[in-house]
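J.: Contents are PDB, C-alpha atoms and all ligand atoms; file name my_file39.pdb:
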```pdb
ATOM      1  CA  GLU W1388    -180.996 -22.910 -33.524  1.00  0.00           C
ATOM      2  CA  GLU W1389    -179.849 -25.893 -35.546  1.00  0.00           C
ATOM      3  CA  TYR W1390    -180.603 -25.319 -39.220  1.00  0.00           C
ATOM      4  CA  SER W1391    -182.896 -28.259 -39.965  1.00  0.00           C
ATOM      5  CA  HIS W1392    -182.313 -27.967 -43.703  1.00  0.00           C
ATOM      6  CA  LEU W1393    -178.579 -28.590 -43.345  1.00  0.00           C
ATOM      7  CA  GLN W1394    -177.704 -32.206 -44.087  1.00  0.00           C
ATOM      8  CA  GLY W1395    -175.184 -32.045 -41.266  1.00  0.00           C
ATOM      9  CA  THR W1396    -171.985 -31.297 -43.107  1.00  0.00           C
ATOM     10  CA  ARG W1397    -170.661 -28.099 -44.628  1.00  0.00           C
ATOM     11  CA  TRP W1398    -167.424 -27.086 -46.294  1.00  0.00           C
ATOM     12  CA  ASN W1399    -164.707 -25.737 -44.007  1.00  0.00           C
ATOM     13  CA  LYS W1400    -163.687 -23.056 -46.532  1.00  0.00           C
ATOM     14  CA  ASN W1401    -165.551 -20.582 -48.636  1.00  0.00           C
ATOM     15  CA  ILE W1402    -163.546 -20.700 -51.836  1.00  0.00           C
ATOM     16  CA  LEU W1403    -164.546 -23.894 -53.634  1.00  0.00           C
ATOM     17  CA  THR W1404    -163.200 -25.219 -56.934  1.00  0.00           C
ATOM     18  CA  TYR W1405    -165.213 -27.165 -59.504  1.00  0.00           C
ATOM     19  CA  ARG W1406    -164.229 -29.116 -62.595  1.00  0.00           C
ATOM     20  CA  ILE W1407    -166.475 -30.235 -65.449  1.00  0.00           C
ATOM     21  CA  GLY W1408    -165.545 -33.722 -66.664  1.00  0.00           C
ATOM     22  CA  ARG W1409    -167.744 -35.611 -69.152  1.00  0.00           C
ATOM     23  CA  TYR W1410    -170.177 -33.318 -71.006  1.00  0.00           C
ATOM     24  CA  THR W1411    -173.576 -33.999 -72.541  1.00  0.00           C
ATOM     25  CA  ARG W1412    -174.043 -33.954 -76.320  1.00  0.00           C
ATOM     26  CA  ASP W1413    -177.379 -32.167 -75.871  1.00  0.00           C
ATOM     27  CA  LEU W1414    -175.743 -28.729 -75.505  1.00  0.00           C
ATOM     28  CA  HIS W1415    -172.627 -26.941 -76.756  1.00  0.00           C
ATOM     29  CA  ARG W1416    -169.788 -27.210 -74.254  1.00  0.00           C
ATOM     30  CA  ASN W1417    -169.644 -23.480 -73.668  1.00  0.00           C
ATOM     31  CA  THR W1418    -173.393 -23.481 -72.997  1.00  0.00           C
ATOM     32  CA  VAL W1419    -172.861 -26.133 -70.323  1.00  0.00           C
ATOM     33  CA  ASP W1420    -169.949 -24.099 -68.950  1.00  0.00           C
ATOM     34  CA  SER W1421    -172.045 -20.953 -68.650  1.00  0.00           C
ATOM     35  CA  LEU W1422    -175.143 -22.687 -67.191  1.00  0.00           C
ATOM     36  CA  VAL W1423    -172.973 -24.413 -64.559  1.00  0.00           C
ATOM     37  CA  LYS W1424    -171.309 -21.093 -63.765  1.00  0.00           C
ATOM     38  CA  SER W1425    -174.732 -19.432 -63.426  1.00  0.00           C
ATOM     39  CA  ALA W1426    -175.999 -22.213 -61.156  1.00  0.00           C
ATOM     40  CA  PHE W1427    -173.014 -21.700 -58.852  1.00  0.00           C
ATOM     41  CA  SER W1428    -173.535 -17.925 -58.889  1.00  0.00           C
ATOM     42  CA  VAL W1429    -177.083 -18.461 -57.531  1.00  0.00           C
ATOM     43  CA  TRP W1430    -175.455 -19.743 -54.345  1.00  0.00           C
ATOM     44  CA  ALA W1431    -172.516 -17.349 -54.410  1.00  0.00           C
ATOM     45  CA  SER W1432    -174.953 -14.400 -54.465  1.00  0.00           C
ATOM     46  CA  ALA W1433    -176.813 -15.749 -51.423  1.00  0.00           C
ATOM     47  CA  SER W1434    -173.727 -16.454 -49.323  1.00  0.00           C
ATOM     48  CA  SER W1435    -170.116 -15.404 -49.319  1.00  0.00           C
ATOM     49  CA  LEU W1436    -169.047 -18.605 -51.011  1.00  0.00           C
ATOM     50  CA  THR W1437    -166.874 -18.249 -54.106  1.00  0.00           C
ATOM     51  CA  PHE W1438    -166.686 -20.848 -56.870  1.00  0.00           C
ATOM     52  CA  VAL W1439    -163.619 -21.103 -59.085  1.00  0.00           C
ATOM     53  CA  ARG W1440    -163.458 -23.331 -62.147  1.00  0.00           C
ATOM     54  CA  SER W1441    -160.455 -25.644 -62.199  1.00  0.00           C
ATOM     55  CA  HIS W1442    -159.059 -28.011 -64.815  1.00  0.00           C
ATOM     56  CA  THR W1443    -157.108 -30.141 -62.371  1.00  0.00           C
ATOM     57  CA  ARG W1444    -158.311 -33.322 -60.747  1.00  0.00           C
ATOM     58  CA  THR W1445    -158.011 -31.791 -57.300  1.00  0.00           C
ATOM     59  CA  ALA W1446    -161.212 -29.748 -57.650  1.00  0.00           C
ATOM     60  CA  ASP W1447    -163.587 -29.901 -54.695  1.00  0.00           C
ATOM     61  CA  ILE W1448    -166.708 -30.384 -56.832  1.00  0.00           C
ATOM     62  CA  MET W1449    -166.549 -32.681 -59.863  1.00  0.00           C
ATOM     63  CA  VAL W1450    -169.430 -32.080 -62.308  1.00  0.00           C
ATOM     64  CA  GLU W1451    -170.183 -34.837 -64.861  1.00  0.00           C
ATOM     65  CA  PHE W1452    -172.866 -36.136 -67.228  1.00  0.00           C
ATOM     66  CA  VAL W1453    -173.095 -39.925 -66.905  1.00  0.00           C
ATOM     67  CA  THR W1454    -175.604 -42.769 -67.464  1.00  0.00           C
ATOM     68  CA  TYR W1455    -176.714 -45.907 -65.583  1.00  0.00           C
ATOM     69  CA  GLU W1456    -173.825 -47.492 -63.619  1.00  0.00           C
ATOM     70  CA  HIS W1457    -171.100 -44.863 -63.382  1.00  0.00           C
ATOM     71  CA  GLY W1458    -168.803 -45.793 -60.521  1.00  0.00           C
ATOM     72  CA  ASP W1459    -170.736 -44.877 -57.414  1.00  0.00           C
ATOM     73  CA  LEU W1460    -173.467 -46.719 -55.540  1.00  0.00           C
ATOM     74  CA  TYR W1461    -176.251 -44.751 -57.229  1.00  0.00           C
ATOM     75  CA  PRO W1462    -176.663 -45.853 -60.863  1.00  0.00           C
ATOM     76  CA  PHE W1463    -178.999 -43.714 -62.952  1.00  0.00           C
ATOM     77  CA  ASP W1464    -182.254 -45.066 -64.364  1.00  0.00           C
ATOM     78  CA  GLY W1465    -182.513 -43.996 -68.004  1.00  0.00           C
ATOM     79  CA  PRO W1466    -184.891 -41.331 -69.310  1.00  0.00           C
ATOM     80  CA  ARG W1467    -187.093 -39.543 -66.727  1.00  0.00           C
ATOM     81  CA  GLY W1468    -187.070 -40.783 -63.145  1.00  0.00           C
ATOM     82  CA  THR W1469    -184.029 -39.475 -61.295  1.00  0.00           C
ATOM     83  CA  LEU W1470    -182.430 -36.573 -63.170  1.00  0.00           C
ATOM     84  CA  ALA W1471    -179.265 -36.009 -61.140  1.00  0.00           C
ATOM     85  CA  HIS W1472    -177.651 -36.405 -57.724  1.00  0.00           C
ATOM     86  CA  ALA W1473    -174.920 -34.755 -55.653  1.00  0.00           C
ATOM     87  CA  PHE W1474    -172.846 -35.746 -52.639  1.00  0.00           C
ATOM     88  CA  GLY W1475    -172.717 -33.500 -49.570  1.00  0.00           C
ATOM     89  CA  PRO W1476    -169.568 -31.593 -48.579  1.00  0.00           C
ATOM     90  CA  GLY W1477    -166.411 -33.556 -47.891  1.00  0.00           C
ATOM     91  CA  PRO W1478    -163.175 -34.887 -49.384  1.00  0.00           C
ATOM     92  CA  GLY W1479    -163.043 -37.165 -52.433  1.00  0.00           C
ATOM     93  CA  VAL W1480    -166.539 -37.769 -53.752  1.00  0.00           C
ATOM     94  CA  GLY W1481    -167.851 -35.045 -51.444  1.00  0.00           C
ATOM     95  CA  GLY W1482    -169.586 -32.307 -53.447  1.00  0.00           C
ATOM     96  CA  ASP W1483    -169.433 -34.287 -56.678  1.00  0.00           C
ATOM     97  CA  THR W1484    -172.480 -33.732 -58.879  1.00  0.00           C
ATOM     98  CA  HIS W1485    -173.729 -36.152 -61.564  1.00  0.00           C
ATOM     99  CA  PHE W1486    -176.358 -35.460 -64.228  1.00  0.00           C
ATOM    100  CA  ASP W1487    -178.192 -38.352 -65.914  1.00  0.00           C
ATOM    101  CA  ASP W1488    -177.259 -38.038 -69.574  1.00  0.00           C
ATOM    102  CA  ALA W1489    -180.224 -40.228 -70.551  1.00  0.00           C
ATOM    103  CA  GLU W1490    -182.286 -37.058 -70.046  1.00  0.00           C
ATOM    104  CA  TYR W1491    -182.521 -34.407 -72.748  1.00  0.00           C
ATOM    105  CA  TRP W1492    -180.711 -31.393 -71.263  1.00  0.00           C
ATOM    106  CA  THR W1493    -181.694 -27.905 -72.453  1.00  0.00           C
ATOM    107  CA  ALA W1494    -181.241 -24.244 -71.609  1.00  0.00           C
ATOM    108  CA  GLY W1495    -184.980 -23.597 -72.074  1.00  0.00           C
ATOM    109  CA  GLU W1496    -188.395 -24.953 -71.132  1.00  0.00           C
ATOM    110  CA  THR W1497    -188.313 -28.198 -73.136  1.00  0.00           C
ATOM    111  CA  GLY W1498    -186.480 -31.268 -71.839  1.00  0.00           C
ATOM    112  CA  MET W1499    -184.714 -30.833 -68.505  1.00  0.00           C
ATOM    113  CA  ASN W1500    -183.465 -27.343 -67.781  1.00  0.00           C
ATOM    114  CA  LEU W1501    -179.821 -27.649 -66.770  1.00  0.00           C
ATOM    115  CA  LEU W1502    -179.703 -24.383 -64.812  1.00  0.00           C
ATOM    116  CA  VAL W1503    -182.658 -25.335 -62.595  1.00  0.00           C
ATOM    117  CA  VAL W1504    -181.377 -28.873 -61.939  1.00  0.00           C
ATOM    118  CA  ALA W1505    -177.775 -27.768 -61.387  1.00  0.00           C
ATOM    119  CA  ALA W1506    -178.846 -25.089 -58.895  1.00  0.00           C
ATOM    120  CA  HIS W1507    -180.746 -27.764 -56.946  1.00  0.00           C
ATOM    121  CA  GLU W1508    -177.818 -30.195 -57.041  1.00  0.00           C
ATOM    122  CA  PHE W1509    -175.278 -27.588 -55.985  1.00  0.00           C
ATOM    123  CA  GLY W1510    -177.501 -26.886 -52.983  1.00  0.00           C
ATOM    124  CA  HIS W1511    -176.901 -30.495 -51.940  1.00  0.00           C
ATOM    125  CA  ALA W1512    -173.184 -30.162 -52.738  1.00  0.00           C
ATOM    126  CA  LEU W1513    -173.122 -27.298 -50.217  1.00  0.00           C
ATOM    127  CA  GLY W1514    -174.879 -29.310 -47.511  1.00  0.00           C
ATOM    128  CA  LEU W1515    -178.559 -28.462 -48.024  1.00  0.00           C
ATOM    129  CA  LYS W1516    -181.227 -31.122 -47.930  1.00  0.00           C
ATOM    130  CA  HIS W1517    -184.714 -30.999 -49.424  1.00  0.00           C
ATOM    131  CA  SER W1518    -187.301 -28.365 -48.605  1.00  0.00           C
ATOM    132  CA  ARG W1519    -191.015 -29.052 -48.095  1.00  0.00           C
ATOM    133  CA  ASN W1520    -191.798 -25.712 -49.726  1.00  0.00           C
ATOM    134  CA  PRO W1521    -192.993 -26.479 -53.293  1.00  0.00           C
ATOM    135  CA  ASP W1522    -191.632 -23.131 -54.466  1.00  0.00           C
ATOM    136  CA  SER W1523    -188.182 -23.823 -53.112  1.00  0.00           C
ATOM    137  CA  LEU W1524    -185.209 -24.651 -55.309  1.00  0.00           C
ATOM    138  CA  MET W1525    -184.605 -27.583 -52.935  1.00  0.00           C
ATOM    139  CA  TYR W1526    -188.038 -29.173 -53.419  1.00  0.00           C
ATOM    140  CA  PRO W1527    -187.562 -32.844 -54.360  1.00  0.00           C
ATOM    141  CA  THR W1528    -189.455 -32.809 -57.672  1.00  0.00           C
ATOM    142  CA  TYR W1529    -188.469 -31.043 -60.868  1.00  0.00           C
ATOM    143  CA  ARG W1530    -190.432 -28.175 -62.374  1.00  0.00           C
ATOM    144  CA  ALA W1531    -188.949 -26.318 -65.378  1.00  0.00           C
ATOM    145  CA  SER W1532    -190.412 -23.015 -64.357  1.00  0.00           C
ATOM    146  CA  ARG W1533    -188.989 -23.155 -60.830  1.00  0.00           C
ATOM    147  CA  SER W1534    -187.333 -19.856 -60.186  1.00  0.00           C
ATOM    148  CA  ALA W1535    -184.069 -19.975 -58.375  1.00  0.00           C
ATOM    149  CA  ASN W1536    -186.008 -19.336 -55.194  1.00  0.00           C
ATOM    150  CA  LEU W1537    -183.547 -19.584 -52.366  1.00  0.00           C
ATOM    151  CA  LEU W1538    -183.956 -20.117 -48.692  1.00  0.00           C
ATOM    152  CA  SER W1539    -183.861 -16.777 -46.896  1.00  0.00           C
ATOM    153  CA  ILE W1540    -180.399 -15.281 -46.851  1.00  0.00           C
ATOM    154  CA  GLU W1541    -179.673 -16.024 -43.203  1.00  0.00           C
ATOM    155  CA  ASP W1542    -180.524 -19.697 -43.822  1.00  0.00           C
ATOM    156  CA  VAL W1543    -178.088 -19.903 -46.690  1.00  0.00           C
ATOM    157  CA  GLY W1544    -175.593 -17.963 -44.645  1.00  0.00           C
ATOM    158  CA  SER W1545    -175.500 -21.028 -42.403  1.00  0.00           C
ATOM    159  CA  LEU W1546    -173.611 -22.761 -45.214  1.00  0.00           C
ATOM    160  CA  LEU W1547    -170.544 -20.723 -44.380  1.00  0.00           C
ATOM    161  CA  PRO W1548    -167.771 -22.278 -42.319  1.00  0.00           C
ATOM    162  CA  GLN W1549    -168.080 -21.191 -38.701  1.00  0.00           C
TER
HETATM  163  C1  LIG W1601    -188.811 -35.543 -63.116  1.00  0.00           C
HETATM  164  N1  LIG W1601    -188.121 -36.262 -62.094  1.00  0.00           N
HETATM  165  C2  LIG W1601    -188.128 -35.835 -60.815  1.00  0.00           C
HETATM  166  O1  LIG W1601    -188.705 -34.838 -60.414  1.00  0.00           O
HETATM  167  C3  LIG W1601    -187.323 -36.706 -59.893  1.00  0.00           C
HETATM  168  N2  LIG W1601    -186.553 -35.863 -58.985  1.00  0.00           N
HETATM  169  C4  LIG W1601    -185.220 -35.713 -59.202  1.00  0.00           C
HETATM  170  O2  LIG W1601    -184.595 -36.229 -60.123  1.00  0.00           O
HETATM  171  C5  LIG W1601    -184.477 -34.914 -58.135  1.00  0.00           C
HETATM  172  C6  LIG W1601    -183.774 -33.742 -58.773  1.00  0.00           C
HETATM  173  C7  LIG W1601    -184.724 -32.644 -59.304  1.00  0.00           C
HETATM  174  C8  LIG W1601    -185.550 -32.026 -58.167  1.00  0.00           C
HETATM  175  C9  LIG W1601    -183.984 -31.577 -60.061  1.00  0.00           C
HETATM  176  C10 LIG W1601    -183.488 -35.873 -57.492  1.00  0.00           C
HETATM  177  N3  LIG W1601    -182.748 -35.182 -56.465  1.00  0.00           N
HETATM  178  O3  LIG W1601    -183.387 -34.791 -55.357  1.00  0.00           O
HETATM  179  C11 LIG W1601    -181.473 -34.857 -56.627  1.00  0.00           C
HETATM  180  O4  LIG W1601    -180.893 -34.116 -55.794  1.00  0.00           O
HETATM  181  C12 LIG W1601    -188.215 -37.678 -59.080  1.00  0.00           C
HETATM  182  C13 LIG W1601    -189.191 -36.913 -58.162  1.00  0.00           C
HETATM  183  C14 LIG W1601    -188.987 -38.564 -60.041  1.00  0.00           C
HETATM  184  C15 LIG W1601    -187.301 -38.546 -58.220  1.00  0.00           C
HETATM  185 ZN    ZN W1602    -173.350 -40.631 -59.383  1.00  0.00          ZN
HETATM  186 ZN    ZN W1603    -182.384 -33.232 -54.406  1.00  0.00          ZN
END
```
Let me see the structure of the file written as structure tokens.
Ligand SMILES: CNC(=O)[C@@H](NC(=O)[C@H](CC(C)C)CN(O)C=O)C(C)(C)C
Ligand SMILES: [Zn+2]
Ligand SMILES: [Zn+2]
T.:
Amino acid sequence: EEYSHLQGTRWNKNILTYRIGRYTRDLHRNTVDSLVKSAFSVWASASSLTFVRSHTRTADIMVEFVTYEHGDLYPFDGPRGTLAHAFGPGPGVGGDTHFDDAEYWTAGETGMNLLVVAAHEFGHALGLKHSRNPDSLMYPTYRASRSANLLSIEDVGSLLPQ
């Protein structure tokens, strides 16, 4: 049956490239690199998608830390409020993922945990929409302790190109 949680688009390939542009000053760059890599591996382990880091501008998924007005129609709102957003699969802005750098980003339980938020955002970048299950990674509100609880494997398998 139609997978209700799919936003309607999915990538037509299963090797996806990502590039990290502007970083946050809250964390060392290599900490950001490894948390982003881990957030992608959450999805790679639940599907047969592969994520490859790229340093060229042609990457499928652009990952950036930005504030307020930042060149798309969805300006961020300062501390708290919206933490991040991501575009669904597609060319150009498709898949791009933006983190609000007005938040305090951390690798732990204080501030906003980058791994938890990135895993949620990358779900959107792969075509998933929100879940009504409060324990799901794709639940619309942030909770630091949220485990990377994925949809069941066959659901996530639906992310693969047919
Ligand atoms: C603490 N602030 C929140 O819980 C806010 N929620 C978010 O910023 C979502 C991201 C979290 C779930 C990582 C936005 N989103 O869905 C992006 O794909 C509000 C519920 C206030 C909007
Ligand atoms: Zn944006
Ligand atoms: Zn979301």
J.: At a cut-off of 10 Å around ligand ZN 1602 (chain W), and using all atoms listed in the file, what residues come up? Please write them as a PDB file with C-alpha atoms, keeping the file's coordinate frame.
T.:
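selection.pdb was written with the following content:
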```
ATOM      1  CA  VAL W1450    -169.430 -32.080 -62.308  1.00  0.00           C
ATOM      2  CA  GLU W1451    -170.183 -34.837 -64.861  1.00  0.00           C
ATOM      3  CA  PHE W1452    -172.866 -36.136 -67.228  1.00  0.00           C
ATOM      4  CA  VAL W1453    -173.095 -39.925 -66.905  1.00  0.00           C
ATOM      5  CA  THR W1454    -175.604 -42.769 -67.464  1.00  0.00           C
ATOM      6  CA  TYR W1455    -176.714 -45.907 -65.583  1.00  0.00           C
ATOM      7  CA  GLU W1456    -173.825 -47.492 -63.619  1.00  0.00           C
ATOM      8  CA  HIS W1457    -171.100 -44.863 -63.382  1.00  0.00           C
ATOM      9  CA  GLY W1458    -168.803 -45.793 -60.521  1.00  0.00           C
ATOM     10  CA  ASP W1459    -170.736 -44.877 -57.414  1.00  0.00           C
ATOM     11  CA  LEU W1460    -173.467 -46.719 -55.540  1.00  0.00           C
ATOM     12  CA  TYR W1461    -176.251 -44.751 -57.229  1.00  0.00           C
ATOM     13  CA  PRO W1462    -176.663 -45.853 -60.863  1.00  0.00           C
ATOM     14  CA  PHE W1463    -178.999 -43.714 -62.952  1.00  0.00           C
ATOM     15  CA  ALA W1471    -179.265 -36.009 -61.140  1.00  0.00           C
ATOM     16  CA  HIS W1472    -177.651 -36.405 -57.724  1.00  0.00           C
ATOM     17  CA  ALA W1473    -174.920 -34.755 -55.653  1.00  0.00           C
ATOM     18  CA  PHE W1474    -172.846 -35.746 -52.639  1.00  0.00           C
ATOM     19  CA  VAL W1480    -166.539 -37.769 -53.752  1.00  0.00           C
ATOM     20  CA  ASP W1483    -169.433 -34.287 -56.678  1.00  0.00           C
ATOM     21  CA  THR W1484    -172.480 -33.732 -58.879  1.00  0.00           C
ATOM     22  CA  HIS W1485    -173.729 -36.152 -61.564  1.00  0.00           C
ATOM     23  CA  PHE W1486    -176.358 -35.460 -64.228  1.00  0.00           C
ATOM     24  CA  ASP W1487    -178.192 -38.352 -65.914  1.00  0.00           C
TER      25      ASP W1487
END
```
J.: Step by step, measure atom-to-atom distances between ligand ZN 1603 (chain W) and each residue using all atoms listed in the file, keep those at most 9 Å, then write them as a PyMOL selection string.
T.: chain W and resi 1471-1473+1504+1507-1508+1510-1511+1515-1517+1525-1528
J.: Keeping only C-alpha atoms, take the residues you just selected and write them out as a tab-separated table (two decimals), keeping the file's coordinate frame.
T.:
```tsv
chain	number	residue	atom	x	y	z
W	1471	ALA	CA	-179.26	-36.01	-61.14
W	1472	HIS	CA	-177.65	-36.40	-57.72
W	1473	ALA	CA	-174.92	-34.76	-55.65
W	1504	VAL	CA	-181.38	-28.87	-61.94
W	1507	HIS	CA	-180.75	-27.76	-56.95
W	1508	GLU	CA	-177.82	-30.20	-57.04
W	1510	GLY	CA	-177.50	-26.89	-52.98
W	1511	HIS	CA	-176.90	-30.50	-51.94
W	1515	LEU	CA	-178.56	-28.46	-48.02
W	1516	LYS	CA	-181.23	-31.12	-47.93
W	1517	HIS	CA	-184.71	-31.00	-49.42
W	1525	MET	CA	-184.60	-27.58	-52.94
W	1526	TYR	CA	-188.04	-29.17	-53.42
W	1527	PRO	CA	-187.56	-32.84	-54.36
W	1528	THR	CA	-189.46	-32.81	-57.67
```
J.: To test your reading of the syntax: which residues would the PyMOL selection byres (((chain W and resi 1500-1503) around 12) and not hetatm) return for the file shown? Reply as a count of residues only.
T.: 54
J.: Taking the file above as input, evaluate the PyMOL selection byres (((chain W and resi 1433-1443) around 6) and not hetatm) and report the hits as a PyMOL selection string.
T.: chain W and resi 1401-1406+1430-1432+1444-1445+1540+1544
J.: Just to be explicit: take each residue in the selection above, keep C-alpha atoms, and write the result as a PDB file, in the frame of the given file.
T.:
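Written out: selection08.pdb:
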```pdb
ATOM      1  CA  ASN W1401    -165.551 -20.582 -48.636  1.00  0.00           C
ATOM      2  CA  ILE W1402    -163.546 -20.700 -51.836  1.00  0.00           C
ATOM      3  CA  LEU W1403    -164.546 -23.894 -53.634  1.00  0.00           C
ATOM      4  CA  THR W1404    -163.200 -25.219 -56.934  1.00  0.00           C
ATOM      5  CA  TYR W1405    -165.213 -27.165 -59.504  1.00  0.00           C
ATOM      6  CA  ARG W1406    -164.229 -29.116 -62.595  1.00  0.00           C
ATOM      7  CA  TRP W1430    -175.455 -19.743 -54.345  1.00  0.00           C
ATOM      8  CA  ALA W1431    -172.516 -17.349 -54.410  1.00  0.00           C
ATOM      9  CA  SER W1432    -174.953 -14.400 -54.465  1.00  0.00           C
ATOM     10  CA  ARG W1444    -158.311 -33.322 -60.747  1.00  0.00           C
ATOM     11  CA  THR W1445    -158.011 -31.791 -57.300  1.00  0.00           C
ATOM     12  CA  ILE W1540    -180.399 -15.281 -46.851  1.00  0.00           C
ATOM     13  CA  GLY W1544    -175.593 -17.963 -44.645  1.00  0.00           C
TER      14      GLY W1544
END
```
J.: Kindly list the centre and edge lengths in Å, rounded to one decimal, for the axis-aligned box that covers all listed atoms of ligand LIG 1601 (chain W) plus 5 Å on each of its six sides, as lines of an AutoDock Vina configuration file.
T.:
```
center_x = -185.0
center_y = -35.1
center_z = -59.2
size_x = 18.3
size_y = 17.0
size_z = 17.8
```
J.: Quick check, in Å to one decimal: how far apart do atom CA of W:Ile1448 and atom CA of W:Arg1409 lie?
T.: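 Separation of atom CA of W:Ile1448 and atom CA of W:Arg1409: 13.4 Å.
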J.: One number please: atom C13 of ligand LIG 1601 (chain W) to atom CA of W:Arg1416, in Å, one decimal.
T.: 27.0 Å
J.: Using Å and a single decimal, report how far atom CA of W:Gly1479 sits from atom C15 of ligand LIG 1601 (chain W).
T.: 25.0 Å
